[in-house]
Each structure stands twice: as C-alpha cells, then as structure tokens.
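K.L.:
So here's data00.txt (compact mmCIF, C-alpha atoms).
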# COMPACT_ATOMS: atom_id res chain seq x y z
CA MET A 1 -102.08 64.52 -27.63
CA PHE A 2 -104.41 62.40 -25.58
CA LYS A 3 -103.31 59.23 -27.42
CA HIS A 4 -99.65 60.13 -27.06
CA GLY A 5 -100.12 60.72 -23.32
CA LYS A 6 -101.95 57.42 -22.90
CA ILE A 7 -99.20 55.51 -24.71
CA SER A 8 -96.57 57.20 -22.55
CA MET A 9 -98.40 56.17 -19.40
CA VAL A 10 -98.61 52.54 -20.57
CA VAL A 11 -94.91 52.43 -21.48
CA GLY A 12 -94.02 54.00 -18.15
CA ALA A 13 -96.06 51.42 -16.26
CA LEU A 14 -94.40 48.58 -18.16
CA MET A 15 -90.94 49.99 -17.41
CA LEU A 16 -91.81 50.33 -13.73
CA SER A 17 -93.05 46.72 -13.60
CA ALA A 18 -89.88 45.48 -15.29
CA ALA A 19 -87.75 47.43 -12.84
CA MET A 20 -89.63 45.91 -9.89
CA VAL A 21 -89.14 42.39 -11.26
CA PHE A 22 -85.44 43.03 -11.90
CA THR A 23 -84.94 44.45 -8.41
CA GLY A 24 -86.75 41.49 -6.86
CA CYS A 25 -84.53 38.99 -8.65
CA GLY A 26 -81.38 40.84 -7.62
CA GLY A 27 -82.41 40.83 -3.96
CA SER A 28 -83.13 37.09 -4.04
CA GLN A 29 -79.72 36.33 -5.52
CA SER A 30 -77.99 38.41 -2.85
CA ALA A 31 -79.77 36.58 -0.06
CA SER A 32 -79.11 33.13 -1.47
CA SER A 33 -75.51 33.67 -2.46
CA GLY A 34 -74.28 34.37 1.06
CA SER A 35 -72.12 37.23 -0.15
CA GLY A 36 -72.37 40.84 0.86
CA SER A 37 -73.84 42.11 4.11
CA GLY A 38 -74.57 39.97 7.14
CA ALA A 39 -78.30 40.78 6.84
CA ALA A 40 -78.49 38.52 3.77
CA ILE A 41 -77.91 35.39 5.88
CA SER A 42 -80.11 34.17 8.70
CA GLY A 43 -80.81 30.99 10.62
CA LYS A 44 -79.17 28.62 13.10
CA VAL A 45 -76.03 26.50 12.82
CA SER A 46 -75.28 23.62 15.20
CA ALA A 47 -71.95 21.80 15.48
CA SER A 48 -70.52 19.21 17.86
CA GLY A 49 -67.50 16.93 18.17
CA SER A 50 -63.79 17.60 18.49
CA THR A 51 -62.71 19.49 21.60
CA ALA A 52 -59.33 20.02 19.89
CA LEU A 53 -61.09 22.32 17.42
CA LEU A 54 -62.90 24.39 20.05
CA PRO A 55 -60.06 26.97 20.44
CA LEU A 56 -60.43 27.61 16.71
CA LEU A 57 -64.20 27.45 16.30
CA LYS A 58 -65.25 29.47 19.34
CA PRO A 59 -63.48 32.63 18.11
CA ALA A 60 -64.74 31.89 14.58
CA GLN A 61 -68.27 31.62 15.98
CA GLU A 62 -68.00 35.02 17.69
CA ALA A 63 -66.51 36.78 14.66
CA PHE A 64 -69.06 35.20 12.31
CA GLN A 65 -72.01 36.21 14.49
CA ASP A 66 -70.67 39.76 14.65
CA LYS A 67 -70.61 39.79 10.86
CA TYR A 68 -73.95 38.02 10.38
CA LYS A 69 -76.26 39.37 13.05
CA ASP A 70 -79.20 37.15 12.09
CA VAL A 71 -77.33 33.85 12.49
CA THR A 72 -76.93 31.90 15.73
CA VAL A 73 -74.08 29.38 15.87
CA ASN A 74 -73.98 26.75 18.63
CA ILE A 75 -70.77 24.74 19.06
CA ALA A 76 -70.32 21.84 21.50
CA GLY A 77 -67.61 19.26 22.21
CA GLY A 78 -68.14 15.57 22.91
CA GLY A 79 -65.37 14.03 20.84
CA SER A 80 -64.75 13.52 17.12
CA PHE A 81 -66.70 10.29 16.78
CA THR A 82 -69.63 11.77 18.67
CA GLY A 83 -69.63 14.66 16.21
CA MET A 84 -69.58 12.33 13.20
CA ASN A 85 -72.40 10.23 14.69
CA GLN A 86 -74.55 13.26 15.37
CA VAL A 87 -74.13 14.83 11.94
CA ALA A 88 -74.77 11.44 10.29
CA GLU A 89 -78.00 11.13 12.30
CA GLY A 90 -79.02 14.68 11.40
CA SER A 91 -79.07 15.96 14.98
CA VAL A 92 -76.42 18.64 14.20
CA ASP A 93 -75.48 20.50 11.03
CA ILE A 94 -71.72 20.02 11.38
CA GLY A 95 -69.65 17.23 12.91
CA ASP A 96 -66.21 18.49 14.00
CA SER A 97 -63.50 15.85 13.88
CA ASP A 98 -59.74 15.29 14.12
CA VAL A 99 -59.82 12.17 11.94
CA ASN A 100 -60.39 11.25 8.32
CA LEU A 101 -63.78 9.74 7.64
CA PRO A 102 -63.71 6.09 8.81
CA ASP A 103 -65.01 3.36 6.51
CA GLU A 104 -68.15 2.86 8.58
CA TYR A 105 -69.23 6.44 7.84
CA LYS A 106 -68.54 6.46 4.12
CA ASP A 107 -72.10 5.45 3.19
CA LYS A 108 -73.72 8.13 5.39
CA GLY A 109 -73.61 10.92 2.81
CA LEU A 110 -71.08 12.98 4.77
CA VAL A 111 -69.06 15.67 3.00
CA ASP A 112 -65.57 16.45 4.31
CA HIS A 113 -64.45 20.06 4.76
CA LYS A 114 -60.79 20.05 5.82
CA VAL A 115 -60.25 23.37 7.59
CA VAL A 116 -56.97 23.46 9.51
CA VAL A 117 -53.81 21.66 10.67
CA GLU A 118 -54.04 20.55 14.31
CA PRO A 119 -50.73 20.18 16.20
CA PHE A 120 -50.55 17.94 19.28
CA VAL A 121 -48.02 17.95 22.13
CA PHE A 122 -47.16 15.73 25.07
CA ILE A 123 -47.36 17.50 28.41
CA VAL A 124 -46.31 16.74 32.00
CA ASP A 125 -46.65 18.51 35.34
CA LYS A 126 -44.29 21.47 35.74
CA ASP A 127 -42.17 19.81 38.45
CA ASN A 128 -41.19 16.93 36.17
CA PRO A 129 -37.46 17.30 35.29
CA VAL A 130 -37.80 15.41 31.99
CA ASP A 131 -37.71 17.72 28.96
CA ASN A 132 -37.57 15.26 26.07
CA LEU A 133 -38.85 11.81 25.19
CA THR A 134 -37.88 9.70 22.21
CA LYS A 135 -40.59 8.11 20.11
CA ASP A 136 -39.78 4.70 21.61
CA GLN A 137 -40.04 6.10 25.13
CA VAL A 138 -43.41 7.67 24.36
CA ILE A 139 -44.64 4.37 22.92
CA GLY A 140 -43.39 2.59 26.04
CA ILE A 141 -45.38 4.96 28.27
CA LEU A 142 -48.55 4.83 26.18
CA THR A 143 -48.52 1.03 25.99
CA GLY A 144 -47.72 0.57 29.68
CA LYS A 145 -44.23 -0.90 29.22
CA ILE A 146 -42.62 2.09 30.97
CA THR A 147 -44.20 2.74 34.35
CA ASN A 148 -41.61 4.80 36.26
CA TRP A 149 -40.01 8.09 35.27
CA LYS A 150 -36.55 6.87 36.30
CA GLU A 151 -36.67 4.59 33.24
CA VAL A 152 -36.51 7.70 31.01
CA GLY A 153 -34.10 9.81 33.07
CA GLY A 154 -36.58 11.25 35.53
CA LYS A 155 -37.32 10.86 39.24
CA ASP A 156 -38.24 7.60 40.93
CA GLU A 157 -41.92 8.32 40.44
CA LYS A 158 -44.85 6.42 39.00
CA VAL A 159 -45.96 7.37 35.50
CA THR A 160 -49.65 8.28 35.41
CA LEU A 161 -51.10 8.38 31.92
CA ILE A 162 -54.02 10.79 31.59
CA HIS A 163 -55.69 10.93 28.19
CA ARG A 164 -58.89 10.66 26.17
CA ALA A 165 -61.66 8.12 25.62
CA LYS A 166 -62.03 6.00 22.51
CA SER A 167 -64.53 8.48 21.06
CA SER A 168 -61.78 11.10 20.87
CA GLY A 169 -60.18 12.14 17.59
CA SER A 170 -57.15 13.35 19.54
CA ARG A 171 -56.66 9.80 20.81
CA ALA A 172 -57.12 8.44 17.28
CA THR A 173 -54.50 10.86 15.96
CA ILE A 174 -51.92 9.80 18.57
CA ALA A 175 -52.73 6.14 17.93
CA ASP A 176 -52.15 6.63 14.22
CA VAL A 177 -49.13 8.96 14.26
CA VAL A 178 -47.25 7.60 17.30
CA LEU A 179 -48.43 4.10 18.17
CA LYS A 180 -48.85 2.90 14.59
CA GLY A 181 -51.40 0.24 15.53
CA GLN A 182 -50.11 -0.68 18.99
CA ALA A 183 -52.67 -0.56 21.80
CA PHE A 184 -52.89 1.97 24.62
CA THR A 185 -52.52 0.58 28.12
CA ASP A 186 -55.75 0.24 30.09
CA ASP A 187 -53.96 1.59 33.16
CA ALA A 188 -54.85 5.21 32.52
CA VAL A 189 -57.07 8.03 33.73
CA ILE A 190 -59.63 9.03 31.10
CA GLN A 191 -60.88 12.60 30.67
CA ASP A 192 -63.60 13.89 28.34
CA SER A 193 -61.82 16.89 26.82
CA ASN A 194 -58.43 18.43 26.07
CA GLY A 195 -59.01 21.01 28.78
CA ALA A 196 -59.79 18.34 31.37
CA VAL A 197 -56.62 16.43 30.43
CA ARG A 198 -54.50 19.55 30.89
CA ALA A 199 -56.10 20.40 34.23
CA ALA A 200 -55.61 16.86 35.58
CA ILE A 201 -51.96 16.70 34.46
CA SER A 202 -51.14 20.08 35.96
CA SER A 203 -52.28 18.89 39.39
CA THR A 204 -50.97 15.30 39.28
CA PRO A 205 -47.26 14.63 40.01
CA GLY A 206 -45.84 12.13 37.52
CA ALA A 207 -48.68 12.60 35.03
CA ILE A 208 -48.31 12.69 31.26
CA GLY A 209 -50.75 13.02 28.39
CA TYR A 210 -51.35 14.68 25.04
CA VAL A 211 -53.38 17.74 24.12
CA ASP A 212 -54.05 19.90 21.12
CA ALA A 213 -51.21 22.49 21.19
CA PRO A 214 -53.46 25.53 21.86
CA TYR A 215 -54.40 23.96 25.22
CA ALA A 216 -50.78 23.81 26.43
CA ASP A 217 -50.50 26.83 28.74
CA ASP A 218 -48.19 27.83 31.60
CA SER A 219 -49.81 25.32 33.98
CA VAL A 220 -47.96 22.41 32.30
CA LYS A 221 -44.62 21.59 30.64
CA VAL A 222 -44.49 20.75 26.94
CA LEU A 223 -42.02 17.97 26.09
CA LYS A 224 -39.76 17.78 23.08
CA PHE A 225 -40.39 14.76 20.86
CA ASP A 226 -37.27 12.96 19.61
CA GLY A 227 -35.30 16.08 20.52
CA VAL A 228 -37.49 18.41 18.44
CA GLU A 229 -39.39 21.23 20.08
CA TYR A 230 -42.96 21.81 18.95
CA SER A 231 -43.43 24.87 16.75
CA ALA A 232 -45.50 25.67 13.69
CA ASP A 233 -42.27 26.13 11.70
CA ASN A 234 -41.04 22.66 12.71
CA ILE A 235 -44.32 21.10 11.57
CA ILE A 236 -44.24 22.95 8.25
CA ALA A 237 -40.58 21.93 7.75
CA GLY A 238 -41.43 18.27 8.40
CA LYS A 239 -39.35 18.06 11.58
CA TYR A 240 -42.19 17.63 14.10
CA PRO A 241 -44.58 14.81 13.14
CA ILE A 242 -47.40 14.96 15.69
CA TYR A 243 -50.30 16.65 13.96
CA GLY A 244 -53.54 15.90 12.22
CA TYR A 245 -56.15 17.78 10.22
CA GLY A 246 -59.30 19.38 11.54
CA HIS A 247 -62.42 18.38 9.60
CA MET A 248 -65.95 19.78 9.60
CA TYR A 249 -68.34 17.20 8.17
CA THR A 250 -71.79 17.98 6.79
CA LYS A 251 -74.56 15.61 5.67
CA GLY A 252 -74.65 16.47 2.00
CA GLU A 253 -73.48 19.77 0.57
CA PRO A 254 -74.04 22.63 3.03
CA GLN A 255 -76.60 25.32 2.34
CA GLY A 256 -77.55 28.73 3.70
CA ALA A 257 -76.14 29.73 7.07
CA VAL A 258 -74.23 26.44 7.44
CA LYS A 259 -72.43 27.05 4.14
CA ALA A 260 -71.75 30.66 5.11
CA PHE A 261 -70.14 29.60 8.41
CA LEU A 262 -67.96 26.97 6.71
CA ASP A 263 -66.98 29.46 4.03
CA TYR A 264 -65.98 31.93 6.72
CA VAL A 265 -63.81 29.42 8.61
CA MET A 266 -62.05 28.51 5.35
CA SER A 267 -61.83 32.07 4.04
CA ASP A 268 -58.55 33.94 3.57
CA GLU A 269 -59.95 36.55 5.96
CA PHE A 270 -60.05 34.08 8.86
CA GLN A 271 -57.27 31.68 7.85
CA ASN A 272 -54.65 34.38 7.27
CA SER A 273 -55.46 36.60 10.24
CA GLN A 274 -56.59 34.28 13.03
CA VAL A 275 -55.59 30.63 12.59
CA GLU A 276 -51.94 30.96 13.66
CA LYS A 277 -52.81 33.35 16.48
CA LEU A 278 -55.13 30.66 17.83
CA GLY A 279 -52.35 28.02 17.81
CA PHE A 280 -53.22 26.19 14.58
CA ILE A 281 -51.65 26.14 11.11
CA PRO A 282 -53.37 27.08 7.85
CA ILE A 283 -53.50 24.12 5.48
CA SER A 284 -52.14 26.37 2.73
CA LYS A 285 -48.78 26.54 4.56
CA MET A 286 -48.17 22.80 4.52
CA LYS A 287 -45.72 21.50 1.94
CA LYS A 288 -47.40 19.35 -0.67
Just give me the structure of the file as structure tokens.
P.N.:
Amino acid sequence: MFKHGKISMVVGALMLSAAMVFTGCGGSQSASSGSGSGAAISGKVSASGSTALLPLLKPAQEAFQDKYKDVTVNIAGGGSFTGMNQVAEGSVDIGDSDVNLPDEYKDKGLVDHKVVVEPFVFIVDKDNPVDNLTKDQVIGILTGKITNWKEVGGKDEKVTLIHRAKSSGSRATIADVVLKGQAFTDDAVIQDSNGAVRAAISSTPGAIGYVDAPYADDSVKVLKFDGVEYSADNIIAGKYPIYGYGHMYTKGEPQGAVKAFLDYVMSDEFQNSQVEKLGFIPISKMKK
C-alpha cells in the first residue's frame, strides 16, 4: 500500500508539472498572438504624417485604446512625407501617408499597409456663386493661368489659391490626379493641414483649395468637378476621379501593439462599421 501510494504521488506531481507547463505555453501564445482580450496587448504606438488620415485614425485610436487598455497610441500630423521620413528614421512606429512609396524610400525597409480610400474635394467660400469647375478650369486655377473668378462664370473677384506645402500627400495626390505633371503656381497661400486650409478658405472671399472630403463641413462650399458631385457612390462607380489611398508604413513587419493597431484599422469590425461614417471608403468596395 505504501509503494502504491508513493507511486500515485509521483504520478500526480508529474501530471501537475505538465499541466503547469501546458498552461504557461498557452498564456504566452495568447499574449503574442494579439487575439482575444485587450489585456493580452500592451505598449506604446506612435504615428505621424498625413493630416488627411486624422479623421479616420483619431476615432480608431480611441476605439482601439478602449479595447486594449494597456496600449497608448499617439497620432500626429505633419504631412505625408514627414511621416515617411520619421518612420524611415525610426522616430515613429507608423508613417501615415496619402501617396504610394516614392522611389527614394524603396531602400528604407518600409512596408506598405494600404488601409482606406481617401476622397478629395475642391472647396470655396460660401458666398462664391460658382458651383462647378471643369478639369481644365481647375488646372488653370492651380497653375495660375486663371486669376479672376469671372473667367469661370463667377464674380469679378481675384482667385486666391490656398493649399498645402510640398511635404503634403494631399498636394501630391492633386498633382498626380488633376495636374498630371504640370506645376502649381507659386502665387498661393500655404497652410500646414487640411483643417487650416478649410478655415482659411471659409474666411477668405475668392479663395479656393482642396481638402480631404471629411474636412468639408458647412463652413465652405464643395464644388462639382466636371459636372459630377462628390459622393462615395460616384467614386465607386468611377464617375468622380479625385481620390487616393491612405497608407500606413512601418519599418519592417509590425510586431506587438503596432501590429494590433494596424490589424484593428484594417479589420472588418472597423472597416465595415466606421470607415464610411467617417467620410472615407473601404478599399473592399472599389471595383477591381
């Protein structure tokens, strides 16, 4: 009986040790996988760059931090090229951008995460009677060939172009989609964010500029482009051409909290419930 009891104790101890090892491995996998409860993920995430993406990423930041209580996400603007520079240098985890990776960044080890469709609109002050501009008229204004609103059916009033600096992905998108290689006029007022452009245009008679569509509120008038009104449906149908893609670049493949945040932004949970409400378009809705 004594021997039998001793053997039972040894077997029991071995089973308990195995159970402890198994439980330990399971817990480690849960923490590293990023799935499950928010407590499994911890750390800090820093991102900078595109101000066009801020109306998307700020709500994503808040929802993500509610879900993952042990993660702090810091998001700043500064412009798309600033974001790409900073992530390439390692000073932030994510570089937010409105442009595809330029050639000069292709040897920096950056990984592209395309997260959303970004629509852009041309806006004027609310007292401007012009409702529509053709593509050629927009090009004329942006290049400085058209300088008075009466040239496009408006009042006898000077055109004041208010837009973004060369570090801006919004500017790069308009240059690519609308100007097709032609140069912007130097006779323009430069602002450092989409919000600043909108605010300046709303208070400047005769002003015009472009902003990411979520920034276009009741303080300004949104113009039709070639007779087509901006809407998500018109972009999806291929009728409205002024849009780009929002990118979140990382230096190498993301890990830990950074990966979890990117996964959340690209998840069906966020894309299907929030993206359109915030004024963007899920990439999944674009026609291939």
K.L.:
Residues at most 8 Å from Val220 of chain A, counting all atoms listed in the file, excluding those fewer than 4 positions away in the same chain, as a ChimeraX atom specification?
P.N.:
/A:123-126,198,201-202,216
K.L.:
Quick one: pull the distance between atom CA of Val87 of chain A and atom CA of Asp107 of chain A, Å, one decimal.
P.N.:
13.0 Å
K.L.:
Write out as a VMD selection string each polymer residue whose atoms come within 6 Å of Asn132 of chain A, counting all atoms listed in the file; drop sequence neighbours fewer than 6 positions from it.
P.N.:
chain A and resid 223 to 225
K.L.:
Record the distance separating atom CA of Ala175 of chain A and atom CA of Thr147 of chain A, expressed in Å with one decimal.
P.N.:
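Going from atom CA of Ala175 of chain A over to atom CA of Thr147 of chain A, I get 18.8 Å.
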K.L.:
Which residues of segment 66-99 of chain A come within 8 Å of segment 246-269 of chain A, and what is each one's closest atom pair and distance in Å (one decimal), counting only C-alpha atoms, sorted by chain and residue number, as a Markdown table?
P.N.:
| residue | atom | partner | partner_atom | distance |
| --- | --- | --- | --- | --- |
| A:Val71 | CA | A:Ala257 | CA | 6.9 |
| A:Met84 | CA | A:Tyr249 | CA | 7.1 |
| A:Val87 | CA | A:Lys251 | CA | 6.3 |
| A:Ala88 | CA | A:Lys251 | CA | 6.2 |
| A:Gly90 | CA | A:Lys251 | CA | 7.3 |
| A:Asp93 | CA | A:Thr250 | CA | 6.2 |
| A:Ile94 | CA | A:Thr250 | CA | 5.0 |
| A:Gly95 | CA | A:Tyr249 | CA | 4.9 |
| A:Asp96 | CA | A:Met248 | CA | 4.6 |
| A:Ser97 | CA | A:His247 | CA | 5.1 |
| A:Asp98 | CA | A:Gly246 | CA | 4.9 |
| A:Val99 | CA | A:His247 | CA | 7.1 |
K.L.:
Using only C-alpha atoms, find the one residue out of A:Gly169, A:Pro119, A:Gly238, A:Gly279 that sits nearest to Gly78 of chain A.
P.N.:
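So, comparing all the options, the nearest one is A:Gly169.
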